[in-house]
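Peer 1: The file below is upload-v6.pdb, PDB, C-alpha atoms:
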MODEL        1
ATOM      1  CA  MET A   1     -61.869 157.499-133.618  1.00  0.00           C
ATOM      2  CA  THR A   2     -62.302 157.025-129.866  1.00  0.00           C
ATOM      3  CA  ASP A   3     -58.758 158.301-129.201  1.00  0.00           C
ATOM      4  CA  ARG A   4     -59.628 161.479-131.055  1.00  0.00           C
ATOM      5  CA  LEU A   5     -62.869 161.804-129.076  1.00  0.00           C
ATOM      6  CA  TRP A   6     -61.020 161.428-125.785  1.00  0.00           C
ATOM      7  CA  LEU A   7     -58.456 163.988-126.881  1.00  0.00           C
ATOM      8  CA  ARG A   8     -61.220 166.466-127.766  1.00  0.00           C
ATOM      9  CA  THR A   9     -62.959 165.792-124.445  1.00  0.00           C
ATOM     10  CA  VAL A  10     -59.794 166.368-122.428  1.00  0.00           C
ATOM     11  CA  ALA A  11     -58.956 169.488-124.460  1.00  0.00           C
ATOM     12  CA  GLY A  12     -62.469 170.831-123.824  1.00  0.00           C
ATOM     13  CA  LEU A  13     -62.217 170.185-120.100  1.00  0.00           C
ATOM     14  CA  LEU A  14     -58.814 171.841-119.925  1.00  0.00           C
ATOM     15  CA  ALA A  15     -60.120 174.833-121.881  1.00  0.00           C
ATOM     16  CA  GLY A  16     -63.050 175.121-119.446  1.00  0.00           C
ATOM     17  CA  ILE A  17     -60.757 174.937-116.410  1.00  0.00           C
ATOM     18  CA  PHE A  18     -58.445 177.533-117.969  1.00  0.00           C
ATOM     19  CA  ALA A  19     -61.397 179.849-118.704  1.00  0.00           C
ATOM     20  CA  ALA A  20     -62.673 179.503-115.132  1.00  0.00           C
ATOM     21  CA  ALA A  21     -59.202 180.216-113.734  1.00  0.00           C
ATOM     22  CA  ALA A  22     -58.850 183.266-115.986  1.00  0.00           C
ATOM     23  CA  VAL A  23     -62.196 184.631-114.745  1.00  0.00           C
ATOM     24  CA  VAL A  24     -61.180 184.039-111.117  1.00  0.00           C
ATOM     25  CA  VAL A  25     -57.884 185.893-111.633  1.00  0.00           C
ATOM     26  CA  TYR A  26     -59.460 188.704-113.685  1.00  0.00           C
ATOM     27  CA  LEU A  27     -62.286 189.352-111.208  1.00  0.00           C
ATOM     28  CA  GLY A  28     -60.020 188.918-108.173  1.00  0.00           C
ATOM     29  CA  ILE A  29     -62.204 186.251-106.584  1.00  0.00           C
ATOM     30  CA  SER A  30     -60.840 184.961-103.304  1.00  0.00           C
ATOM     31  CA  GLN A  31     -60.441 181.187-103.351  1.00  0.00           C
ATOM     32  CA  ARG A  32     -61.158 180.959 -99.616  1.00  0.00           C
ATOM     33  CA  ALA A  33     -64.355 183.000 -99.941  1.00  0.00           C
ATOM     34  CA  LEU A  34     -65.426 180.913-102.923  1.00  0.00           C
ATOM     35  CA  ILE A  35     -64.887 177.622-101.096  1.00  0.00           C
ATOM     36  CA  ALA A  36     -66.625 178.989 -97.985  1.00  0.00           C
ATOM     37  CA  SER A  37     -69.655 180.041-100.016  1.00  0.00           C
ATOM     38  CA  LEU A  38     -69.812 176.619-101.703  1.00  0.00           C
ATOM     39  CA  HIS A  39     -70.110 174.884 -98.319  1.00  0.00           C
ATOM     40  CA  GLY A  40     -73.494 176.514 -97.737  1.00  0.00           C
ATOM     41  CA  VAL A  41     -74.984 175.432-101.077  1.00  0.00           C
ATOM     42  CA  ALA A  42     -77.831 172.925-101.006  1.00  0.00           C
ATOM     43  CA  GLU A  43     -77.248 170.184-103.569  1.00  0.00           C
ATOM     44  CA  GLN A  44     -80.869 169.105-104.124  1.00  0.00           C
ATOM     45  CA  PRO A  45     -82.080 172.314-105.860  1.00  0.00           C
ATOM     46  CA  LEU A  46     -79.002 172.275-108.103  1.00  0.00           C
ATOM     47  CA  PHE A  47     -79.621 168.640-108.988  1.00  0.00           C
ATOM     48  CA  LEU A  48     -83.289 169.307-109.730  1.00  0.00           C
ATOM     49  CA  ALA A  49     -82.367 172.337-111.865  1.00  0.00           C
ATOM     50  CA  ALA A  50     -79.890 170.231-113.855  1.00  0.00           C
ATOM     51  CA  ILE A  51     -82.480 167.497-114.410  1.00  0.00           C
ATOM     52  CA  GLY A  52     -85.065 170.142-115.382  1.00  0.00           C
ATOM     53  CA  GLY A  53     -82.616 171.653-117.853  1.00  0.00           C
ATOM     54  CA  LEU A  54     -82.025 168.271-119.485  1.00  0.00           C
ATOM     55  CA  VAL A  55     -85.776 167.617-119.700  1.00  0.00           C
ATOM     56  CA  LEU A  56     -86.300 171.048-121.269  1.00  0.00           C
ATOM     57  CA  MET A  57     -83.496 170.387-123.744  1.00  0.00           C
ATOM     58  CA  ALA A  58     -85.029 166.996-124.614  1.00  0.00           C
ATOM     59  CA  LEU A  59     -88.423 168.619-125.249  1.00  0.00           C
ATOM     60  CA  GLN A  60     -86.891 171.363-127.393  1.00  0.00           C
ATOM     61  CA  ALA A  61     -84.984 168.741-129.375  1.00  0.00           C
ATOM     62  CA  LEU A  62     -88.231 166.808-129.795  1.00  0.00           C
ATOM     63  CA  ARG A  63     -89.977 169.917-131.159  1.00  0.00           C
ATOM     64  CA  TRP A  64     -87.141 170.572-133.614  1.00  0.00           C
ATOM     65  CA  TRP A  65     -87.057 166.903-134.650  1.00  0.00           C
ATOM     66  CA  VAL A  66     -90.811 166.967-135.333  1.00  0.00           C
ATOM     67  CA  VAL A  67     -90.349 170.108-137.452  1.00  0.00           C
ATOM     68  CA  MET A  68     -87.493 168.441-139.386  1.00  0.00           C
ATOM     69  CA  ARG A  69     -89.080 165.020-139.938  1.00  0.00           C
ATOM     70  CA  PRO A  70     -91.158 165.884-143.017  1.00  0.00           C
ATOM     71  CA  VAL A  71     -88.108 167.386-144.731  1.00  0.00           C
ATOM     72  CA  LEU A  72     -85.108 165.469-143.386  1.00  0.00           C
ATOM     73  CA  ASP A  73     -84.383 161.905-142.382  1.00  0.00           C
ATOM     74  CA  LEU A  74     -82.795 162.300-138.951  1.00  0.00           C
ATOM     75  CA  ARG A  75     -82.928 160.336-135.746  1.00  0.00           C
ATOM     76  CA  TYR A  76     -84.010 161.988-132.510  1.00  0.00           C
ATOM     77  CA  GLY A  77     -80.591 161.310-130.959  1.00  0.00           C
ATOM     78  CA  GLN A  78     -78.902 163.332-133.688  1.00  0.00           C
ATOM     79  CA  ALA A  79     -81.301 166.218-133.122  1.00  0.00           C
ATOM     80  CA  PHE A  80     -80.725 166.057-129.346  1.00  0.00           C
ATOM     81  CA  ARG A  81     -76.937 166.106-129.679  1.00  0.00           C
ATOM     82  CA  ALA A  82     -77.117 169.005-132.138  1.00  0.00           C
ATOM     83  CA  MET A  83     -79.440 170.859-129.744  1.00  0.00           C
ATOM     84  CA  MET A  84     -76.916 170.400-126.919  1.00  0.00           C
ATOM     85  CA  VAL A  85     -74.095 171.746-129.114  1.00  0.00           C
ATOM     86  CA  GLY A  86     -76.219 174.753-130.080  1.00  0.00           C
ATOM     87  CA  PHE A  87     -77.213 175.469-126.481  1.00  0.00           C
ATOM     88  CA  PHE A  88     -73.609 175.288-125.296  1.00  0.00           C
ATOM     89  CA  PHE A  89     -72.407 177.744-127.910  1.00  0.00           C
ATOM     90  CA  ASN A  90     -75.407 180.068-127.440  1.00  0.00           C
ATOM     91  CA  VAL A  91     -74.056 180.627-123.931  1.00  0.00           C
ATOM     92  CA  LEU A  92     -70.661 181.615-125.329  1.00  0.00           C
ATOM     93  CA  LEU A  93     -71.512 183.405-128.592  1.00  0.00           C
ATOM     94  CA  PRO A  94     -73.625 186.512-129.152  1.00  0.00           C
ATOM     95  CA  ALA A  95     -76.735 186.734-131.362  1.00  0.00           C
ATOM     96  CA  ARG A  96     -77.633 183.038-131.055  1.00  0.00           C
ATOM     97  CA  GLY A  97     -74.465 182.022-132.868  1.00  0.00           C
ATOM     98  CA  GLY A  98     -74.826 178.576-131.326  1.00  0.00           C
ATOM     99  CA  ASP A  99     -77.871 177.923-133.496  1.00  0.00           C
ATOM    100  CA  LEU A 100     -75.747 178.502-136.583  1.00  0.00           C
ATOM    101  CA  LEU A 101     -73.095 176.185-135.182  1.00  0.00           C
ATOM    102  CA  ARG A 102     -75.829 173.606-134.523  1.00  0.00           C
ATOM    103  CA  VAL A 103     -76.694 173.700-138.230  1.00  0.00           C
ATOM    104  CA  GLN A 104     -73.013 173.409-139.149  1.00  0.00           C
ATOM    105  CA  TYR A 105     -72.469 170.535-136.686  1.00  0.00           C
ATOM    106  CA  LEU A 106     -75.471 168.539-137.900  1.00  0.00           C
ATOM    107  CA  GLY A 107     -74.678 169.208-141.556  1.00  0.00           C
ATOM    108  CA  LYS A 108     -71.116 167.992-141.122  1.00  0.00           C
ATOM    109  CA  ARG A 109     -72.146 164.898-139.155  1.00  0.00           C
ATOM    110  CA  THR A 110     -75.013 163.813-141.410  1.00  0.00           C
ATOM    111  CA  GLY A 111     -74.143 165.254-144.823  1.00  0.00           C
ATOM    112  CA  ILE A 112     -77.530 166.989-145.004  1.00  0.00           C
ATOM    113  CA  SER A 113     -77.712 170.339-146.763  1.00  0.00           C
ATOM    114  CA  ARG A 114     -77.059 173.190-144.373  1.00  0.00           C
ATOM    115  CA  ALA A 115     -79.672 175.265-146.208  1.00  0.00           C
ATOM    116  CA  LYS A 116     -82.357 172.693-145.370  1.00  0.00           C
ATOM    117  CA  LEU A 117     -81.172 172.518-141.780  1.00  0.00           C
ATOM    118  CA  LEU A 118     -81.170 176.304-141.487  1.00  0.00           C
ATOM    119  CA  GLY A 119     -84.695 176.433-142.908  1.00  0.00           C
ATOM    120  CA  THR A 120     -85.959 173.988-140.285  1.00  0.00           C
ATOM    121  CA  GLU A 121     -84.061 175.957-137.637  1.00  0.00           C
ATOM    122  CA  ILE A 122     -85.850 179.163-138.650  1.00  0.00           C
ATOM    123  CA  VAL A 123     -89.260 177.459-138.637  1.00  0.00           C
ATOM    124  CA  ASP A 124     -88.529 175.969-135.209  1.00  0.00           C
ATOM    125  CA  PHE A 125     -87.342 179.336-133.871  1.00  0.00           C
ATOM    126  CA  TRP A 126     -90.546 181.075-134.939  1.00  0.00           C
ATOM    127  CA  SER A 127     -92.778 178.257-133.728  1.00  0.00           C
ATOM    128  CA  ASP A 128     -91.083 178.673-130.350  1.00  0.00           C
ATOM    129  CA  LYS A 129     -91.883 182.392-130.355  1.00  0.00           C
ATOM    130  CA  TRP A 130     -95.465 181.674-131.393  1.00  0.00           C
ATOM    131  CA  GLY A 131     -95.785 179.715-128.153  1.00  0.00           C
ATOM    132  CA  TRP A 132     -95.290 182.948-126.224  1.00  0.00           C
ATOM    133  CA  VAL A 133     -98.208 184.547-128.028  1.00  0.00           C
ATOM    134  CA  ALA A 134    -100.376 181.468-127.551  1.00  0.00           C
ATOM    135  CA  ALA A 135     -99.607 181.379-123.797  1.00  0.00           C
ATOM    136  CA  PHE A 136    -100.654 185.000-123.295  1.00  0.00           C
ATOM    137  CA  PRO A 137    -104.398 184.258-122.877  1.00  0.00           C
ATOM    138  CA  ILE A 138    -103.549 181.797-120.097  1.00  0.00           C
ATOM    139  CA  VAL A 139    -101.541 184.514-118.334  1.00  0.00           C
ATOM    140  CA  CYS A 140    -104.545 186.848-118.660  1.00  0.00           C
ATOM    141  CA  LEU A 141    -106.821 184.211-117.118  1.00  0.00           C
ATOM    142  CA  LEU A 142    -104.537 183.876-114.100  1.00  0.00           C
ATOM    143  CA  GLY A 143    -104.287 187.589-113.374  1.00  0.00           C
ATOM    144  CA  SER A 144    -103.799 191.039-114.793  1.00  0.00           C
ATOM    145  CA  PRO A 145    -100.489 191.215-116.681  1.00  0.00           C
ATOM    146  CA  PRO A 146     -98.456 194.453-116.716  1.00  0.00           C
ATOM    147  CA  SER A 147     -98.946 196.851-119.632  1.00  0.00           C
ATOM    148  CA  TRP A 148     -95.481 196.235-121.078  1.00  0.00           C
ATOM    149  CA  LEU A 149     -96.427 192.581-121.560  1.00  0.00           C
ATOM    150  CA  PHE A 150     -99.321 193.590-123.827  1.00  0.00           C
ATOM    151  CA  ARG A 151     -96.955 195.608-126.009  1.00  0.00           C
ATOM    152  CA  ALA A 152     -94.369 192.821-126.095  1.00  0.00           C
ATOM    153  CA  VAL A 153     -96.922 190.192-127.097  1.00  0.00           C
ATOM    154  CA  LEU A 154     -98.391 192.503-129.718  1.00  0.00           C
ATOM    155  CA  LEU A 155     -94.911 193.057-131.154  1.00  0.00           C
ATOM    156  CA  MET A 156     -94.115 189.317-131.111  1.00  0.00           C
ATOM    157  CA  GLY A 157     -97.483 188.466-132.647  1.00  0.00           C
ATOM    158  CA  GLY A 158     -96.932 191.007-135.408  1.00  0.00           C
ATOM    159  CA  LEU A 159     -93.449 189.648-136.101  1.00  0.00           C
ATOM    160  CA  VAL A 160     -94.674 186.057-136.164  1.00  0.00           C
ATOM    161  CA  LEU A 161     -97.533 186.975-138.480  1.00  0.00           C
ATOM    162  CA  GLY A 162     -95.261 189.033-140.742  1.00  0.00           C
ATOM    163  CA  ILE A 163     -92.621 186.301-140.968  1.00  0.00           C
ATOM    164  CA  GLY A 164     -95.350 183.721-141.617  1.00  0.00           C
ATOM    165  CA  ILE A 165     -96.748 185.772-144.495  1.00  0.00           C
ATOM    166  CA  LEU A 166     -93.238 186.310-145.883  1.00  0.00           C
ATOM    167  CA  LEU A 167     -92.474 182.570-145.727  1.00  0.00           C
ATOM    168  CA  ALA A 168     -95.796 181.739-147.426  1.00  0.00           C
ATOM    169  CA  LEU A 169     -95.073 184.229-150.224  1.00  0.00           C
ATOM    170  CA  MET A 170     -91.569 182.846-150.639  1.00  0.00           C
ATOM    171  CA  ALA A 171     -92.923 179.288-150.837  1.00  0.00           C
ATOM    172  CA  LYS A 172     -95.403 180.322-153.541  1.00  0.00           C
ATOM    173  CA  SER A 173     -92.713 182.055-155.594  1.00  0.00           C
ATOM    174  CA  ILE A 174     -90.423 179.021-155.315  1.00  0.00           C
ATOM    175  CA  GLN A 175     -93.211 176.738-156.516  1.00  0.00           C
ATOM    176  CA  ARG A 176     -93.733 178.902-159.608  1.00  0.00           C
ATOM    177  CA  LEU A 177     -90.096 178.613-160.702  1.00  0.00           C
ATOM    178  CA  PRO A 178     -89.526 176.376-163.739  1.00  0.00           C
ATOM    179  CA  ARG A 179     -87.809 173.136-162.932  1.00  0.00           C
TER     180      ARG A 179
ENDMDL
END
Could you render the structure from this file as structure tokens?
Peer 2:
Amino acid sequence: MTDRLWLRTVAGLLAGIFAAAAVVVYLGISQRALIASLHGVAEQPLFLAAIGGLVLMALQALRWWVVMRPVLDLRYGQAFRAMMVGFFFNVLLPARGGDLLRVQYLGKRTGISRAKLLGTEIVDFWSDKWGWVAAFPIVCLLGSPPSWLFRAVLLMGGLVLGIGILLALMAKSIQRLPR
């Protein structure tokens, strides 16, 4: 199993190097200019950004794990690894395709129903969006937000409320079904 893991790791690294080289050739980036610009980069902000990204990912995985716990028996480490897979592919795929791959990855690794995983993914996604609406009063306390922000929060609030009502109605209709 570890030989296969190493092979996948090396293949992934080679694919990443190939993709970077293809972008450099396609965009006509000068290697000398690239190396010269890298000499002026401060490492500390990059390091702090990387650490901050990992902390954010850990907190998002914790939120998803808390959402999943009542329905699924998963460990936090499994949720964190799945979150990392989803984030990686969200960078590469359009329309949050990485989230679907996260469900596929976790379902394949754990044997848990993908439908259950997708349901928890949807609940987590909307609870994340609800956080935007809940943070809006704090933004208003700190200053006067632009007018477009009012419209955006109103739209998000309406969507969250509408999806919440739809999910509640669906749950009621499922409970009424004969078993």
Peer 1: Name the residues in contact with region 67-71 of chain A at a cut-off of 9 Å, using all atoms listed in the file, excluding same-chain residues fewer than 2 positions from it; report them as a ChimeraX atom specification.
Peer 2: /A:62-65,73-75,116-117,120-121,123-124
Peer 1: Nearest residue to Phe87 (chain A) out of A:Asp128, A:Asp3, A:Ala42, A:Arg102, using only C-alpha atoms?
Peer 2: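 Using only C-alpha atoms, the shortest distance to Phe87 (chain A) belongs to A:Arg102.
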Peer 1: Find the residues near Arg96 (chain A): any atom within 9 Å, counting all atoms listed in the file, skip ones fewer than 5 places away on the same chain, and give them as a VMD selection string.
Peer 2: chain A and resid 86 to 87 89 to 91
Peer 1: Residues of the last selection are to be written out with C-alpha atoms, as a PDB file, keeping the file's coordinate frame.
Peer 2:
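New file again.pdb:
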ATOM      1  CA  GLY A  86     -76.219 174.753-130.080  1.00  0.00           C
ATOM      2  CA  PHE A  87     -77.213 175.469-126.481  1.00  0.00           C
ATOM      3  CA  PHE A  89     -72.407 177.744-127.910  1.00  0.00           C
ATOM      4  CA  ASN A  90     -75.407 180.068-127.440  1.00  0.00           C
ATOM      5  CA  VAL A  91     -74.056 180.627-123.931  1.00  0.00           C
TER       6      VAL A  91
END
Peer 1: Suppose you want the space between CA of Leu100 (chain A) and CA of Leu118 (chain A); what is it in Å?
Peer 2: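 The value is 7.6 Å.
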Peer 1: Would you write out, as a PDB file with C-alpha atoms, in the frame of the given file, every residue that the PyMOL selection byres ((chain A and resi 85) around 10) captures in this file?
Peer 2:
ATOM      1  CA  ALA A  79     -81.301 166.218-133.122  1.00  0.00           C
ATOM      2  CA  PHE A  80     -80.725 166.057-129.346  1.00  0.00           C
ATOM      3  CA  ARG A  81     -76.937 166.106-129.679  1.00  0.00           C
ATOM      4  CA  ALA A  82     -77.117 169.005-132.138  1.00  0.00           C
ATOM      5  CA  MET A  83     -79.440 170.859-129.744  1.00  0.00           C
ATOM      6  CA  MET A  84     -76.916 170.400-126.919  1.00  0.00           C
ATOM      7  CA  GLY A  86     -76.219 174.753-130.080  1.00  0.00           C
ATOM      8  CA  PHE A  87     -77.213 175.469-126.481  1.00  0.00           C
ATOM      9  CA  PHE A  88     -73.609 175.288-125.296  1.00  0.00           C
ATOM     10  CA  PHE A  89     -72.407 177.744-127.910  1.00  0.00           C
ATOM     11  CA  ASN A  90     -75.407 180.068-127.440  1.00  0.00           C
ATOM     12  CA  GLY A  98     -74.826 178.576-131.326  1.00  0.00           C
ATOM     13  CA  ASP A  99     -77.871 177.923-133.496  1.00  0.00           C
ATOM     14  CA  LEU A 101     -73.095 176.185-135.182  1.00  0.00           C
ATOM     15  CA  ARG A 102     -75.829 173.606-134.523  1.00  0.00           C
ATOM     16  CA  VAL A 103     -76.694 173.700-138.230  1.00  0.00           C
ATOM     17  CA  TYR A 105     -72.469 170.535-136.686  1.00  0.00           C
ATOM     18  CA  LEU A 106     -75.471 168.539-137.900  1.00  0.00           C
TER      19      LEU A 106
END
Peer 1: Would you compute the distance between CA of Lys129 (chain A) and CA of Met156 (chain A)? Give it in Å to one decimal.
Peer 2: 7.3 Å
Peer 1: Skip region 133-143 of chain A itself and residues of its chain fewer than 6 positions away, then list as a PyMOL selection string all residues within 12 Å of it, counting only C-alpha atoms.
Peer 2: chain A and resi 126-127+149-161
Peer 1: Export, as a PDB file, in the coordinates of the input, the selected residues with C-alpha atoms.
Peer 2:
ATOM      1  CA  TRP A 126     -90.546 181.075-134.939  1.00  0.00           C
ATOM      2  CA  SER A 127     -92.778 178.257-133.728  1.00  0.00           C
ATOM      3  CA  LEU A 149     -96.427 192.581-121.560  1.00  0.00           C
ATOM      4  CA  PHE A 150     -99.321 193.590-123.827  1.00  0.00           C
ATOM      5  CA  ARG A 151     -96.955 195.608-126.009  1.00  0.00           C
ATOM      6  CA  ALA A 152     -94.369 192.821-126.095  1.00  0.00           C
ATOM      7  CA  VAL A 153     -96.922 190.192-127.097  1.00  0.00           C
ATOM      8  CA  LEU A 154     -98.391 192.503-129.718  1.00  0.00           C
ATOM      9  CA  LEU A 155     -94.911 193.057-131.154  1.00  0.00           C
ATOM     10  CA  MET A 156     -94.115 189.317-131.111  1.00  0.00           C
ATOM     11  CA  GLY A 157     -97.483 188.466-132.647  1.00  0.00           C
ATOM     12  CA  GLY A 158     -96.932 191.007-135.408  1.00  0.00           C
ATOM     13  CA  LEU A 159     -93.449 189.648-136.101  1.00  0.00           C
ATOM     14  CA  VAL A 160     -94.674 186.057-136.164  1.00  0.00           C
ATOM     15  CA  LEU A 161     -97.533 186.975-138.480  1.00  0.00           C
TER      16      LEU A 161
END
Peer 1: Complete the atom set of region 17-47 of chain A to N, CA and C atoms and return it as an mmCIF file, in the frame of the given file.
Peer 2:
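Output below, filename out-v2.cif:
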data_model
loop_
_atom_site.group_PDB
_atom_site.id
_atom_site.type_symbol
_atom_site.label_atom_id
_atom_site.label_comp_id
_atom_site.auth_asym_id
_atom_site.auth_seq_id
_atom_site.Cartn_x
_atom_site.Cartn_y
_atom_site.Cartn_z
ATOM 1 N N ILE A 17 -61.480 174.652 -117.660
ATOM 2 C CA ILE A 17 -60.757 174.937 -116.410
ATOM 3 C C ILE A 17 -59.905 176.194 -116.569
ATOM 4 N N PHE A 18 -59.245 176.338 -117.713
ATOM 5 C CA PHE A 18 -58.445 177.533 -117.969
ATOM 6 C C PHE A 18 -59.323 178.784 -117.992
ATOM 7 N N ALA A 19 -60.487 178.693 -118.639
ATOM 8 C CA ALA A 19 -61.397 179.849 -118.704
ATOM 9 C C ALA A 19 -61.880 180.223 -117.308
ATOM 10 N N ALA A 20 -62.224 179.221 -116.498
ATOM 11 C CA ALA A 20 -62.673 179.503 -115.132
ATOM 12 C C ALA A 20 -61.550 180.144 -114.319
ATOM 13 N N ALA A 21 -60.339 179.642 -114.457
ATOM 14 C CA ALA A 21 -59.202 180.216 -113.734
ATOM 15 C C ALA A 21 -58.946 181.651 -114.180
ATOM 16 N N ALA A 22 -59.061 181.906 -115.482
ATOM 17 C CA ALA A 22 -58.850 183.266 -115.986
ATOM 18 C C ALA A 22 -59.896 184.225 -115.425
ATOM 19 N N VAL A 23 -61.143 183.790 -115.313
ATOM 20 C CA VAL A 23 -62.196 184.631 -114.745
ATOM 21 C C VAL A 23 -61.919 184.900 -113.270
ATOM 22 N N VAL A 24 -61.493 183.875 -112.538
ATOM 23 C CA VAL A 24 -61.180 184.039 -111.117
ATOM 24 C C VAL A 24 -60.058 185.064 -110.938
ATOM 25 N N VAL A 25 -59.006 184.955 -111.741
ATOM 26 C CA VAL A 25 -57.884 185.893 -111.633
ATOM 27 C C VAL A 25 -58.315 187.297 -112.055
ATOM 28 N N TYR A 26 -59.047 187.405 -113.164
ATOM 29 C CA TYR A 26 -59.460 188.704 -113.685
ATOM 30 C C TYR A 26 -60.380 189.439 -112.710
ATOM 31 N N LEU A 27 -61.335 188.722 -112.126
ATOM 32 C CA LEU A 27 -62.286 189.352 -111.208
ATOM 33 C C LEU A 27 -61.751 189.459 -109.778
ATOM 34 N N GLY A 28 -60.604 188.850 -109.507
ATOM 35 C CA GLY A 28 -60.020 188.918 -108.173
ATOM 36 C C GLY A 28 -60.844 188.169 -107.130
ATOM 37 N N ILE A 29 -61.378 187.041 -107.503
ATOM 38 C CA ILE A 29 -62.204 186.251 -106.584
ATOM 39 C C ILE A 29 -61.306 185.511 -105.613
ATOM 40 N N SER A 30 -61.607 185.640 -104.339
ATOM 41 C CA SER A 30 -60.840 184.961 -103.304
ATOM 42 C C SER A 30 -61.204 183.476 -103.301
ATOM 43 N N GLN A 31 -60.190 182.628 -103.359
ATOM 44 C CA GLN A 31 -60.441 181.187 -103.351
ATOM 45 C C GLN A 31 -61.047 180.738 -102.029
ATOM 46 N N ARG A 32 -60.598 181.327 -100.932
ATOM 47 C CA ARG A 32 -61.158 180.959 -99.616
ATOM 48 C C ARG A 32 -62.628 181.347 -99.518
ATOM 49 N N ALA A 33 -62.964 182.559 -99.983
ATOM 50 C CA ALA A 33 -64.355 183.000 -99.941
ATOM 51 C C ALA A 33 -65.233 182.141 -100.858
ATOM 52 N N LEU A 34 -64.683 181.763 -102.004
ATOM 53 C CA LEU A 34 -65.426 180.913 -102.923
ATOM 54 C C LEU A 34 -65.704 179.553 -102.295
ATOM 55 N N ILE A 35 -64.708 178.936 -101.726
ATOM 56 C CA ILE A 35 -64.887 177.622 -101.096
ATOM 57 C C ILE A 35 -65.836 177.725 -99.907
ATOM 58 N N ALA A 36 -65.718 178.810 -99.125
ATOM 59 C CA ALA A 36 -66.625 178.989 -97.985
ATOM 60 C C ALA A 36 -68.068 179.150 -98.453
ATOM 61 N N SER A 37 -68.282 179.860 -99.535
ATOM 62 C CA SER A 37 -69.655 180.041 -100.016
ATOM 63 C C SER A 37 -70.211 178.749 -100.614
ATOM 64 N N LEU A 38 -69.352 177.895 -101.140
ATOM 65 C CA LEU A 38 -69.812 176.619 -101.703
ATOM 66 C C LEU A 38 -70.250 175.633 -100.618
ATOM 67 N N HIS A 39 -69.725 175.790 -99.407
ATOM 68 C CA HIS A 39 -70.110 174.884 -98.319
ATOM 69 C C HIS A 39 -71.564 175.075 -97.906
ATOM 70 N N GLY A 40 -72.118 176.249 -98.127
ATOM 71 C CA GLY A 40 -73.494 176.514 -97.737
ATOM 72 C C GLY A 40 -74.520 176.219 -98.824
ATOM 73 N N VAL A 41 -74.084 175.676 -99.960
ATOM 74 C CA VAL A 41 -74.984 175.432 -101.077
ATOM 75 C C VAL A 41 -75.727 174.109 -100.878
ATOM 76 N N ALA A 42 -77.030 174.147 -101.075
ATOM 77 C CA ALA A 42 -77.831 172.925 -101.006
ATOM 78 C C ALA A 42 -77.753 172.217 -102.358
ATOM 79 N N GLU A 43 -77.449 170.927 -102.332
ATOM 80 C CA GLU A 43 -77.248 170.184 -103.569
ATOM 81 C C GLU A 43 -78.561 169.835 -104.274
ATOM 82 N N GLN A 44 -79.625 169.579 -103.520
ATOM 83 C CA GLN A 44 -80.869 169.105 -104.124
ATOM 84 C C GLN A 44 -81.452 170.100 -105.140
ATOM 85 N N PRO A 45 -81.558 171.398 -104.835
ATOM 86 C CA PRO A 45 -82.080 172.314 -105.860
ATOM 87 C C PRO A 45 -81.212 172.372 -107.110
ATOM 88 N N LEU A 46 -79.893 172.278 -106.937
ATOM 89 C CA LEU A 46 -79.002 172.275 -108.103
ATOM 90 C C LEU A 46 -79.220 171.030 -108.950
ATOM 91 N N PHE A 47 -79.380 169.891 -108.287
ATOM 92 C CA PHE A 47 -79.621 168.640 -108.988
ATOM 93 C C PHE A 47 -80.949 168.696 -109.748
#
